[in-house]
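Student: Below you'll find my_file-v7.txt; it's compact mmCIF, C-alpha atoms.
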```txt
# COMPACT_ATOMS: atom_id res chain seq x y z
CA GLY A 5 36.37 -6.09 28.57
CA GLN A 6 33.77 -6.71 25.91
CA ARG A 7 34.75 -7.07 22.27
CA ARG A 8 32.41 -5.13 20.01
CA VAL A 9 31.82 -6.45 16.53
CA ARG A 10 30.45 -4.88 13.39
CA VAL A 11 27.35 -6.73 12.30
CA SER A 12 25.83 -7.09 8.83
CA ILE A 13 22.12 -7.70 8.64
CA SER A 14 19.85 -9.66 6.33
CA LEU A 15 16.06 -9.43 6.53
CA PRO A 16 14.43 -12.51 4.98
CA LEU A 17 13.66 -14.31 8.23
CA THR A 18 10.69 -12.00 8.82
CA LEU A 19 8.93 -13.79 5.98
CA SER A 20 9.66 -17.30 7.27
CA CYS A 21 6.63 -17.64 9.53
CA THR A 22 3.38 -16.43 8.06
CA PRO A 23 0.58 -15.20 10.35
CA SER A 24 -3.07 -15.38 9.41
CA PHE A 25 -2.95 -11.64 8.67
CA HIS A 26 -0.32 -9.79 6.67
CA TYR A 27 1.98 -7.79 8.93
CA ASP A 28 3.30 -5.37 6.30
CA PRO A 29 0.29 -2.98 6.19
CA PRO A 30 0.36 -2.47 9.99
CA VAL A 31 4.10 -1.73 9.77
CA THR A 32 3.61 0.75 6.94
CA PHE A 33 0.79 2.41 8.83
CA PHE A 34 2.61 3.00 12.10
CA ALA A 35 5.79 4.11 10.37
CA THR A 36 3.98 6.95 8.63
CA PHE A 37 1.38 7.96 11.22
CA THR A 38 3.10 8.90 14.45
CA ALA A 39 3.32 12.18 16.28
CA LEU A 40 3.45 12.16 20.09
CA PRO A 41 6.38 10.73 22.09
CA LEU A 42 4.18 8.08 23.69
CA ILE A 43 2.72 7.12 20.33
CA TYR A 44 6.09 6.35 18.76
CA ALA A 45 7.44 4.85 21.97
CA SER A 46 7.01 1.28 20.75
CA ASP A 47 7.97 1.87 17.10
CA PRO A 48 11.71 1.16 17.42
CA PHE A 49 11.02 -1.99 19.45
CA ALA A 50 8.50 -3.24 16.89
CA LEU A 51 10.79 -2.55 13.93
CA LEU A 52 13.82 -4.12 15.62
CA GLU A 53 11.96 -7.23 16.73
CA LEU A 54 10.36 -7.64 13.31
CA TYR A 55 13.33 -7.08 11.04
CA ASN A 56 16.41 -7.63 13.21
CA PRO A 57 15.43 -9.89 16.12
CA ALA A 58 18.98 -11.12 16.66
CA ILE A 59 20.10 -7.73 17.94
CA SER A 60 17.03 -7.11 20.08
CA VAL A 61 17.05 -8.14 23.73
CA PHE A 62 15.28 -11.31 22.62
CA GLY A 63 18.20 -12.41 20.46
CA ASP A 64 20.42 -15.17 21.81
CA HIS A 65 23.39 -12.89 22.44
CA PRO A 66 22.38 -9.21 22.52
CA PHE A 67 25.49 -8.18 24.48
CA PRO A 68 27.89 -6.63 23.87
CA ALA A 69 25.81 -4.28 21.78
CA PRO A 70 26.97 -4.44 18.16
CA VAL A 71 28.29 -1.65 15.98
CA LEU A 72 25.70 -1.16 13.26
CA ASN A 73 25.21 0.80 10.07
CA PRO A 74 21.96 2.67 10.82
CA SER A 75 20.95 2.74 7.17
CA THR A 76 20.65 -1.07 7.21
CA ILE A 77 18.55 -1.24 10.39
CA PRO A 78 14.96 0.02 9.95
CA ALA A 79 14.56 0.69 13.67
CA LEU A 80 17.64 2.91 13.79
CA ALA A 81 16.82 4.72 10.56
CA TYR A 82 13.39 5.45 12.00
CA ALA A 83 14.81 6.57 15.35
CA GLN A 84 17.16 9.02 13.62
CA GLU A 85 14.08 10.75 12.21
CA LYS A 86 12.28 10.93 15.56
CA ILE A 87 14.99 11.65 18.11
CA MET A 88 15.26 15.39 18.80
CA LEU A 89 18.82 16.12 19.88
CA ASN A 90 18.95 19.26 22.00
CA ALA A 91 15.26 20.00 21.51
CA PRO A 92 14.38 23.56 22.65
CA GLY A 93 13.26 23.50 26.27
CA ALA A 94 13.96 19.79 26.63
CA LYS A 95 15.18 18.54 30.00
CA ASN A 96 16.50 15.32 28.49
CA GLY A 97 18.60 14.33 25.52
CA LEU A 98 16.10 12.75 23.15
CA SER A 99 12.87 14.76 22.81
CA ASP A 100 10.82 17.48 24.45
CA GLY A 101 8.91 14.77 26.32
CA ASP A 102 5.68 16.76 26.63
CA GLY A 103 6.15 16.81 30.40
CA ALA A 104 6.89 13.10 30.66
CA VAL A 105 9.98 11.51 32.18
CA GLY A 106 9.60 8.01 30.83
CA ASP A 107 8.44 8.59 27.25
CA PRO A 108 11.74 9.97 25.84
CA ALA A 109 13.57 6.98 27.34
CA SER A 110 11.71 4.75 24.89
CA MET A 111 14.17 6.04 22.29
CA GLY A 112 17.12 5.41 24.58
CA ILE A 113 18.23 2.02 23.26
CA SER A 114 18.10 3.32 19.70
CA ALA A 115 20.12 6.38 20.73
CA TYR A 116 22.67 4.18 22.47
CA LEU A 117 23.09 1.99 19.38
CA LEU A 118 23.31 5.05 17.13
CA GLY A 119 25.93 6.36 19.53
CA MET A 120 28.27 3.54 18.53
CA THR A 121 28.98 5.48 15.34
CA ASN A 122 27.84 9.01 16.27
CA SER A 123 29.04 10.74 19.42
CA SER A 124 26.07 13.13 19.52
CA TYR A 125 23.70 10.21 20.09
CA ALA A 126 26.07 8.66 22.63
CA GLU A 127 26.05 11.89 24.63
CA ALA A 128 22.27 12.12 24.35
CA ALA A 129 21.88 8.59 25.69
CA VAL A 130 23.98 9.46 28.75
CA THR A 131 21.96 12.65 29.25
CA GLU A 132 18.78 10.57 29.12
CA VAL A 133 20.05 8.14 31.75
CA ASN A 134 20.88 11.02 34.09
CA PHE A 135 17.51 12.63 33.40
CA GLN A 136 15.75 9.43 34.48
CA LEU A 137 17.79 9.07 37.65
CA ASN A 138 17.35 12.70 38.70
CA ALA A 139 13.59 12.90 38.11
CA PRO A 140 11.13 13.28 41.02
CA ARG A 141 10.57 10.13 43.06
CA TRP A 142 7.65 8.52 44.85
CA SER A 143 8.16 7.93 48.55
CA ASN A 144 9.34 4.34 47.94
CA GLY A 145 11.92 5.39 45.33
CA ALA A 146 9.88 4.90 42.16
CA ILE A 147 10.88 7.32 39.39
CA SER A 148 7.99 9.62 38.49
CA GLN A 149 6.47 9.55 35.03
CA ARG A 150 6.05 13.33 35.23
CA PHE A 151 8.89 15.76 35.90
CA ASP A 152 6.75 18.45 37.52
CA VAL A 153 5.21 16.19 40.20
CA ALA A 154 5.75 12.71 41.63
CA GLU A 155 3.17 10.56 39.83
CA LEU A 156 3.25 6.93 38.70
CA TRP A 157 1.79 5.80 35.35
CA ASP A 158 1.84 2.18 34.23
CA ASP A 159 3.02 3.30 30.76
CA PHE A 160 6.37 4.13 32.39
CA GLY A 161 7.30 0.47 32.75
CA TYR A 162 7.79 0.08 29.00
CA MET A 163 9.83 3.24 28.58
CA SER A 164 12.40 3.76 31.30
CA PRO A 165 13.36 0.45 33.00
CA PRO A 166 14.15 -1.38 29.72
CA PHE A 167 16.43 1.46 28.61
CA LEU A 168 18.19 1.69 31.96
CA ALA A 169 18.63 -2.08 31.96
CA TYR A 170 20.07 -2.19 28.45
CA TYR A 171 22.41 0.72 29.01
CA ALA A 172 23.56 -0.73 32.33
CA ALA A 173 24.12 -4.21 30.92
CA ASP A 174 26.27 -3.00 28.04
CA THR A 175 28.28 -0.54 30.12
CA ARG A 176 28.61 -3.14 32.90
CA ASN A 177 27.00 -0.83 35.45
CA ILE A 178 25.74 -3.52 37.79
CA SER A 179 24.14 -1.19 40.32
CA LEU A 180 22.12 0.53 37.58
CA LEU A 181 21.06 -2.84 36.18
CA GLU A 182 19.77 -3.82 39.60
CA GLU A 183 18.01 -0.47 39.87
CA SER A 184 16.11 -1.14 36.64
CA TYR A 185 14.68 -4.28 38.24
CA LYS A 186 13.96 -2.50 41.50
CA GLN A 187 12.01 0.20 39.67
CA CYS A 188 9.61 -2.46 38.43
CA GLY A 189 9.10 -3.57 42.02
CA TYR A 190 8.61 -0.04 43.29
CA TYR A 191 5.89 0.54 40.71
CA ARG A 192 4.21 -2.74 41.59
CA GLU A 193 4.06 -1.71 45.24
CA VAL A 194 2.03 1.36 44.33
CA LEU A 195 0.03 0.46 41.22
CA GLN A 196 -1.06 -3.13 41.77
CA ALA A 197 -4.77 -3.40 42.57
CA THR A 198 -5.28 -5.08 45.94
CA ASP A 199 -8.80 -6.54 45.67
CA THR A 200 -8.08 -10.28 45.61
CA SER A 201 -11.75 -11.19 45.29
CA VAL A 202 -12.04 -10.24 41.63
CA PRO A 203 -10.99 -12.55 38.77
CA TYR A 204 -8.61 -9.94 37.38
CA TRP A 205 -6.61 -9.58 40.59
CA GLY A 206 -2.94 -8.80 39.98
CA VAL A 207 -3.36 -6.10 37.35
CA TYR A 208 -2.33 -2.47 37.82
CA HIS A 209 -4.16 0.82 38.21
CA HIS A 210 -3.45 3.24 35.37
CA ILE A 211 -2.19 6.32 37.27
CA ILE A 212 -1.66 7.12 40.94
CA GLY A 213 -0.66 10.62 41.90
CA PRO A 214 -1.94 14.13 42.60
CA GLN A 215 -2.29 15.37 39.02
CA SER A 216 -3.94 12.84 36.70
CA GLN A 217 -5.02 9.97 38.94
CA ASP A 218 -6.93 7.19 37.19
CA LEU A 219 -7.63 4.12 39.32
CA GLY A 220 -9.16 2.23 36.40
CA LEU A 221 -7.55 -1.04 35.33
CA TRP A 222 -6.52 -0.04 31.82
CA SER A 223 -5.68 -3.07 29.69
CA THR A 224 -3.23 -1.18 27.47
CA GLY A 225 -1.37 0.15 30.51
CA ASN A 226 -1.02 -3.37 31.86
CA GLY A 227 0.34 -4.35 28.47
CA TRP A 228 2.84 -1.50 28.59
CA PHE A 229 4.11 -2.39 32.05
CA SER A 230 4.27 -6.16 31.70
CA ALA A 231 6.02 -5.87 28.32
CA GLY A 232 8.56 -3.54 29.90
CA MET A 233 9.26 -6.05 32.65
CA VAL A 234 9.71 -8.76 30.00
CA ARG A 235 12.47 -6.67 28.43
CA VAL A 236 14.18 -6.06 31.77
CA LEU A 237 14.00 -9.79 32.47
CA ALA A 238 15.50 -10.63 29.07
CA VAL A 239 18.40 -8.25 29.71
CA ILE A 240 19.14 -9.65 33.17
CA GLN A 241 18.96 -13.24 31.92
CA LYS A 242 21.31 -12.57 28.99
CA ALA A 243 23.73 -9.88 30.20
CA PRO A 244 27.21 -11.33 30.80
CA ALA A 245 27.80 -8.55 33.31
CA ALA A 246 25.03 -9.89 35.54
CA THR A 247 26.02 -13.55 35.66
CA VAL A 248 27.83 -13.34 39.00
CA SER A 249 25.60 -10.74 40.64
CA PRO A 250 24.21 -12.05 43.95
CA TRP A 251 20.79 -10.48 43.25
CA ARG A 252 20.37 -11.96 39.75
CA ALA A 253 18.47 -15.13 40.67
CA GLN A 254 16.04 -13.22 42.87
CA ALA A 255 15.50 -10.61 40.17
CA ILE A 256 14.66 -13.28 37.60
CA ALA A 257 12.27 -14.99 40.02
CA ASP A 258 10.62 -11.70 41.01
CA LEU A 259 10.17 -10.38 37.49
CA THR A 260 8.77 -13.70 36.31
CA GLN A 261 6.27 -13.70 39.19
CA TRP A 262 5.31 -10.04 38.70
CA ILE A 263 4.69 -10.59 34.99
CA LYS A 264 2.68 -13.72 35.77
CA GLU A 265 0.48 -11.77 38.19
CA ILE A 266 -0.53 -9.33 35.49
CA VAL A 267 -0.99 -12.02 32.86
CA ASN A 268 -3.10 -14.17 35.19
CA GLY A 269 -5.24 -11.17 36.08
CA VAL A 270 -5.74 -10.25 32.46
CA MET A 271 -6.61 -13.82 31.51
CA GLY A 272 -9.20 -13.87 34.29
CA ALA A 273 -10.88 -10.69 33.12
CA PRO A 274 -14.20 -10.89 31.23
CA MET A 275 -13.76 -10.17 27.53
CA ASP A 276 -15.81 -8.48 24.84
CA ASP A 277 -16.07 -10.00 21.37
CA GLY A 278 -12.89 -12.01 21.89
CA LEU A 279 -10.80 -9.01 23.03
CA LEU A 280 -9.76 -7.54 26.35
CA ARG A 281 -11.90 -4.67 27.51
CA ASN A 282 -10.35 -1.21 27.37
CA TYR A 283 -10.82 -0.98 31.14
CA LEU A 284 -10.79 -4.51 32.50
CA ASP A 285 -13.03 -3.68 35.45
CA ASP A 286 -15.68 -1.88 33.38
CA THR A 287 -17.99 -4.73 32.41
CA ASP A 288 -21.16 -2.71 31.90
CA GLY A 289 -19.98 0.87 31.32
CA PRO A 290 -18.83 2.93 28.34
CA ASN A 291 -15.10 2.22 28.83
CA GLY A 292 -15.49 -1.54 28.75
CA PHE A 293 -15.43 -2.10 24.99
CA GLY A 294 -13.16 -4.76 23.56
CA GLU A 295 -10.10 -3.36 21.81
CA ILE A 296 -6.93 -4.50 20.12
CA SER A 297 -4.14 -2.53 21.83
CA GLY A 298 -4.14 -4.11 25.27
CA SER A 299 -5.16 -7.46 23.80
CA THR A 300 -2.28 -7.81 21.36
CA MET A 301 0.34 -6.40 23.74
CA MET A 302 -0.61 -8.99 26.35
CA ALA A 303 -0.43 -11.72 23.72
CA ALA A 304 3.06 -10.47 22.82
CA VAL A 305 4.04 -10.67 26.50
CA ILE A 306 2.94 -14.29 26.69
CA TYR A 307 4.79 -15.32 23.55
CA ARG A 308 8.00 -13.77 24.86
CA MET A 309 7.62 -15.33 28.29
CA ALA A 310 6.93 -18.73 26.72
CA VAL A 311 10.52 -18.60 25.47
CA LEU A 312 12.17 -16.80 28.40
CA GLN A 313 10.41 -18.86 31.09
CA PRO A 314 8.85 -21.90 29.39
CA ASP A 315 8.39 -23.84 32.62
CA VAL A 316 6.10 -21.08 33.93
CA PHE A 317 4.34 -19.93 30.77
CA GLY A 318 3.19 -23.16 29.20
CA THR A 319 0.43 -24.35 26.90
CA SER A 320 -2.54 -22.69 28.63
CA TYR A 321 -0.89 -19.28 28.32
CA ILE A 322 0.09 -19.84 24.70
CA ALA A 323 -3.46 -20.96 23.90
CA TRP A 324 -4.82 -17.69 25.30
CA ALA A 325 -2.40 -15.65 23.19
CA ASP A 326 -3.23 -17.75 20.13
CA ASN A 327 -6.91 -16.95 20.63
CA ILE A 328 -6.12 -13.24 20.57
CA ARG A 329 -4.05 -13.68 17.43
CA HIS A 330 -6.84 -15.63 15.74
CA THR A 331 -9.39 -13.01 16.77
CA ILE A 332 -7.28 -10.27 15.19
CA SER A 333 -7.09 -12.25 11.97
CA GLY A 334 -10.89 -12.36 11.72
CA SER A 335 -13.78 -9.91 11.95
CA ASP A 336 -15.75 -8.30 14.74
CA ARG A 337 -19.34 -9.13 15.65
CA ASP A 338 -20.57 -6.80 12.91
CA GLY A 339 -18.46 -8.42 10.22
CA ASN A 340 -15.77 -5.73 10.03
CA PRO A 341 -12.24 -7.11 9.57
CA HIS A 342 -9.91 -6.29 12.45
CA VAL A 343 -7.02 -5.72 10.00
CA THR A 344 -8.20 -3.65 7.06
CA SER A 345 -6.68 -3.54 3.60
CA ASN A 346 -4.73 -0.35 4.37
CA GLY A 347 -3.24 -1.79 7.56
CA THR A 348 -5.54 -0.18 10.12
CA VAL A 349 -6.14 -2.52 13.06
CA THR A 350 -9.43 -1.90 14.87
CA PRO A 351 -11.09 -1.27 17.21
CA ALA A 352 -8.54 0.37 19.48
CA VAL A 353 -8.54 2.69 22.44
CA ASN A 354 -8.02 6.26 21.27
CA PRO A 355 -4.24 6.72 21.62
CA TYR A 356 -4.66 10.47 21.99
CA ALA A 357 -7.41 10.35 24.66
CA TRP A 358 -7.53 7.20 26.74
CA LEU A 359 -10.86 8.13 28.39
CA ASP A 360 -12.63 8.39 25.04
CA THR A 361 -15.56 5.97 25.23
CA THR A 362 -15.81 5.52 21.46
CA PRO A 363 -13.80 2.63 19.99
CA TYR A 364 -11.14 4.20 17.77
CA THR A 365 -11.22 3.08 14.14
CA ALA A 366 -9.16 5.79 12.43
CA GLY A 367 -5.98 3.84 13.15
CA SER A 368 -3.92 3.71 16.34
CA PRO A 369 -0.17 3.78 15.67
CA GLU A 370 0.59 2.15 19.02
CA GLY A 371 -2.15 -0.42 18.45
CA ASN A 372 -0.58 -1.34 15.13
CA ASN A 373 2.80 -1.54 16.85
CA PHE A 374 1.42 -4.00 19.35
CA VAL A 375 0.07 -6.20 16.56
CA VAL A 376 3.56 -6.30 15.05
CA LEU A 377 5.08 -7.06 18.47
CA MET A 378 2.57 -9.90 18.88
CA TYR A 379 3.49 -11.30 15.47
CA ALA A 380 7.25 -11.04 16.14
CA GLY A 381 6.83 -12.69 19.53
CA TRP A 382 4.78 -15.53 18.06
CA ARG A 383 7.22 -16.03 15.17
CA ASP A 384 10.18 -16.27 17.55
CA CYS A 385 8.21 -18.59 19.84
CA VAL A 386 7.55 -20.85 16.86
CA TYR A 387 11.25 -20.82 15.96
CA ALA A 388 12.15 -21.69 19.54
CA GLY A 389 9.86 -24.71 19.41
CA TYR A 390 7.36 -23.64 22.05
CA CYS A 391 4.58 -22.34 19.82
CA HIS A 392 2.85 -23.92 16.85
CA THR A 393 2.14 -23.13 13.24
CA ASP A 394 0.08 -25.14 10.76
CA GLY A 395 -1.04 -27.41 13.58
CA SER A 396 2.35 -28.89 14.40
CA ARG A 397 5.18 -28.08 16.74
CA ALA A 398 7.79 -26.03 14.96
CA LYS A 399 11.36 -27.22 14.74
CA ARG A 400 14.19 -25.07 15.93
CA LEU A 401 15.98 -23.32 13.12
CA HIS A 402 19.73 -23.31 12.90
CA ASN A 403 21.27 -20.13 14.27
CA LYS A 404 22.73 -19.31 10.86
CA LYS A 405 19.21 -19.10 9.48
CA ARG A 406 17.75 -17.21 12.42
CA HIS A 407 20.46 -14.72 13.13
CA SER A 408 22.45 -12.07 11.37
CA SER A 409 25.98 -12.88 10.24
CA VAL A 410 28.85 -11.50 12.30
CA GLN A 411 31.94 -10.25 10.55
```
Take the structure in the file and write it out as structure tokens.

Tutor:
Amino acid sequence: GQRRVRVSISLPLTLSCTPSFHYDPPVTFFATFTALPLIYASDPFALLELYNPAISVFGDHPFPAPVLNPSTIPALAYAQEKIMLNAPGAKNGLSDGDGAVGDPASMGISAYLLGMTNSSYAEAAVTEVNFQLNAPRWSNGAISQRFDVAELWDDFGYMSPPFLAYYAADTRNISLLEESYKQCGYYREVLQATDTSVPYWGVYHHIIGPQSQDLGLWSTGNGWFSAGMVRVLAVIQKAPAATVSPWRAQAIADLTQWIKEIVNGVMGAPMDDGLLRNYLDDTDGPNGFGEISGSTMMAAVIYRMAVLQPDVFGTSYIAWADNIRHTISGSDRDGNPHVTSNGTVTPAVNPYAWLDTTPYTAGSPEGNNFVVLMYAGWRDCVYAGYCHTDGSRAKRLHNKKRHSSVQ
């Protein structure tokens, strides 16, 4: 069996690698300006990767999951405020979901970790797993994003599969771990655009289904899904329970290829003012404005893959991500800074209405999250020696400097 350890955490490493913008205002902004389940879906991931990267799935040894004091972990303290145990009318254990299957699962890893010291959260995490597995399915077995009808949204990839993978890896449920990988493949079968003649081939449609279908190639949705697959890949690569599984090598190869398809498609898409267009295929319409959400999430994906699969995601990929990071640190074509003094990162797609054709400048919580995820990914890539800072290749830091102490 696995030996669980109690972990003490120190935070200074977040300050060890300075970006060209200050990350603290974006963190403060998203931590105080969230409302909908989808909006705060990425908050725990961003906080964990920023402040406690060693215990995220991108740490060297994330399993077995540690026993933590929630008051010392910003991500868990935040999740305690947002998780709605036994919410009235809820069909799952973590929030009312607003009709979504996948969104509440974004809090699943936090609930599971909180459950190490609080049985109510442990029970809620199990309830959430069962809710995911018993939701409506597409004909190929893909879990629906909506619980009233079978419908596939690319947002789902960031919410449900990473939680199922993490839970399965730590509970040594090998069949569920394999299912988390298969879900990514099922979604790819349905959502991937099939026109190979366009430069952005490989990216996904936003929604396919009878209720809210949107065949547009939404950059933020492609960020959601590819980032979710990165997390599933990290779990499968690092989970001790998976090391002897006969499907493991194929899963790693498949996930790496599927992520690469999206990244290659995104990198081939025409940009606007140094940023990905809101809808990648809208080059002359109102939804084709450049925006920060999809752009920074895709940069975060590349930085993570540069460490997880460095032989595949080499210098040309890192250079693309660096260009996004440098763009964010500067100003738009009208001279407006992308990161304002109060932490608002602009322009973004409206997080409350994705078909809004007006670039959103009031502040997107998820957009700010993605900026933090990009920074954390770049910082860890620098520490791993694959990315650069100050014009030179970074040296690897000793594990005692990078990681939390174990007692």

Student: Measuring between all atoms listed in the file, which one of A:Ile87, A:Met378, A:Ala243, A:Met309 shows the shortest distance to A:Ile296?

Tutor: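 Using all atoms listed in the file, the shortest distance to A:Ile296 belongs to A:Met378.
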
Student: For the atom pair atom CA of A:Val207 and atom CA of A:Ala154, what is the interatomic distance in Å to one decimal place?

Tutor: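 So the answer is 21.3 Å.
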
Student: Atom CA of A:Trp251 and atom CA of A:Glu155, how far apart in Å?

Tutor: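 Going from atom CA of A:Glu155 over to atom CA of A:Trp251, I get 27.7 Å.
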
Student: Please provide as a ChimeraX atom specification all residues within 9 Å of stretch 80-84 of chain A, with the sequence filter that same-chain residues fewer than 5 positions apart are discarded (counting all atoms listed in the file).

Tutor: /A:35,47-48,51-52,73-75,111,114-115,117-118

Student: Please list as a list in words every residue within 8 Å of A:Ile59, counting all atoms listed in the file and excluding residues in the same chain fewer than 5 positions away.

Tutor: Leu52, His65, Pro66, Ala69 and Pro70 of chain A

Student: Give me the residues within 9 Å of stretch 357-367 of chain A as a list of chain:residue names, counting all atoms listed in the file and dropping any in the same chain fewer than 2 places off.

Tutor: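 The filter keeps A:Phe33, A:Phe34, A:Phe37, A:Trp222, A:Asn282, A:Pro290, A:Asn291, A:Gly292, A:Phe293, A:Gly294, A:Glu295, A:Gly347, A:Thr348, A:Val349, A:Thr350, A:Pro351, A:Ala352, A:Val353, A:Asn354, A:Pro355, A:Pro369, A:Glu370, A:Gly371, A:Asn372.
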
Student: Quick one, how far is atom CA of A:Gln136 from atom CA of A:Leu168?

Tutor: 8.5 Å

Student: Counting only C-alpha atoms, figure out which residue out of A:Ile212, A:Val133, A:Val236, A:Met301 gets nearest to A:Leu377.

Tutor: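 Of A:Ile212, A:Val133, A:Val236, A:Met301, the one nearest A:Leu377 is A:Met301, counting only C-alpha atoms.
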
Student: Would you place a box with edges along x, y and z of the file around all atoms of stretch 206-218 of chain A listed there, add 8 Å to each of its six sides, and report the centre and edge lengths in Å to one decimal, as JSON?

Tutor:
```
{"center_x": -3.8, "center_y": 3.3, "center_z": 39.0, "size_x": 22.3, "size_y": 40.2, "size_z": 23.2}
```

Student: Taking (8.4, 14.9, 34.8) in the file's own coordinates, collect the residues within 12 Å, counting all atoms listed in the file, and hand them back as a PyMOL selection string.

Tutor: chain A and resi 94-96+100-108+135-142+147-157+160+215

Student: Pick out the closest residue to A:Tyr162 from this set: A:Val234, A:Ala388, A:Ala380, A:Ile178. Count all atoms listed in the file.

Tutor: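 Closest candidate: A:Val234.
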
Student: Using all atoms listed in the file, which of the listed residues (A:Tyr321, A:Thr260, A:Ala129, A:Ser124) sits closest to A:Leu98?

Tutor: A:Ala129

Student: Just add N, CA, C and O atoms to stretch 349-361 of chain A and send it as an mmCIF file, in the coordinates of the input.

Tutor:
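File produced: rebuild24.cif:
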```cif
data_model
loop_
_atom_site.group_PDB
_atom_site.id
_atom_site.type_symbol
_atom_site.label_atom_id
_atom_site.label_comp_id
_atom_site.auth_asym_id
_atom_site.auth_seq_id
_atom_site.Cartn_x
_atom_site.Cartn_y
_atom_site.Cartn_z
ATOM 1 N N VAL A 349 -5.676 -1.448 12.188
ATOM 2 C CA VAL A 349 -6.140 -2.520 13.060
ATOM 3 C C VAL A 349 -7.148 -1.927 14.033
ATOM 4 O O VAL A 349 -6.846 -0.957 14.733
ATOM 5 N N THR A 350 -8.346 -2.488 14.075
ATOM 6 C CA THR A 350 -9.430 -1.900 14.870
ATOM 7 C C THR A 350 -10.221 -2.999 15.568
ATOM 8 O O THR A 350 -10.152 -4.172 15.187
ATOM 9 N N PRO A 351 -11.012 -2.603 16.596
ATOM 10 C CA PRO A 351 -11.090 -1.270 17.210
ATOM 11 C C PRO A 351 -10.019 -1.118 18.287
ATOM 12 O O PRO A 351 -9.628 -2.089 18.916
ATOM 13 N N ALA A 352 -9.578 0.099 18.490
ATOM 14 C CA ALA A 352 -8.540 0.370 19.480
ATOM 15 C C ALA A 352 -9.034 1.429 20.461
ATOM 16 O O ALA A 352 -10.013 2.133 20.197
ATOM 17 N N VAL A 353 -8.336 1.532 21.570
ATOM 18 C CA VAL A 353 -8.540 2.690 22.440
ATOM 19 C C VAL A 353 -7.930 3.895 21.732
ATOM 20 O O VAL A 353 -6.914 3.777 21.028
ATOM 21 N N ASN A 354 -8.550 5.041 21.869
ATOM 22 C CA ASN A 354 -8.020 6.260 21.270
ATOM 23 C C ASN A 354 -6.647 6.560 21.863
ATOM 24 O O ASN A 354 -6.533 6.829 23.059
ATOM 25 N N PRO A 355 -5.578 6.514 21.070
ATOM 26 C CA PRO A 355 -4.240 6.720 21.620
ATOM 27 C C PRO A 355 -3.974 8.155 22.052
ATOM 28 O O PRO A 355 -2.998 8.432 22.745
ATOM 29 N N TYR A 356 -4.846 9.059 21.649
ATOM 30 C CA TYR A 356 -4.660 10.470 21.990
ATOM 31 C C TYR A 356 -5.563 10.903 23.141
ATOM 32 O O TYR A 356 -5.434 12.023 23.624
ATOM 33 N N ALA A 357 -6.483 10.028 23.568
ATOM 34 C CA ALA A 357 -7.410 10.350 24.660
ATOM 35 C C ALA A 357 -7.935 9.043 25.244
ATOM 36 O O ALA A 357 -8.930 8.509 24.756
ATOM 37 N N TRP A 358 -7.229 8.535 26.262
ATOM 38 C CA TRP A 358 -7.530 7.200 26.740
ATOM 39 C C TRP A 358 -8.910 7.071 27.394
ATOM 40 O O TRP A 358 -9.429 5.976 27.545
ATOM 41 N N LEU A 359 -9.529 8.183 27.777
ATOM 42 C CA LEU A 359 -10.860 8.130 28.390
ATOM 43 C C LEU A 359 -11.984 8.265 27.365
ATOM 44 O O LEU A 359 -13.158 8.284 27.736
ATOM 45 N N ASP A 360 -11.618 8.351 26.097
ATOM 46 C CA ASP A 360 -12.630 8.390 25.040
ATOM 47 C C ASP A 360 -13.415 7.083 25.069
ATOM 48 O O ASP A 360 -12.830 5.993 25.032
ATOM 49 N N THR A 361 -14.724 7.174 25.130
ATOM 50 C CA THR A 361 -15.560 5.970 25.230
ATOM 51 C C THR A 361 -15.953 5.398 23.874
ATOM 52 O O THR A 361 -16.662 4.395 23.814
#
```
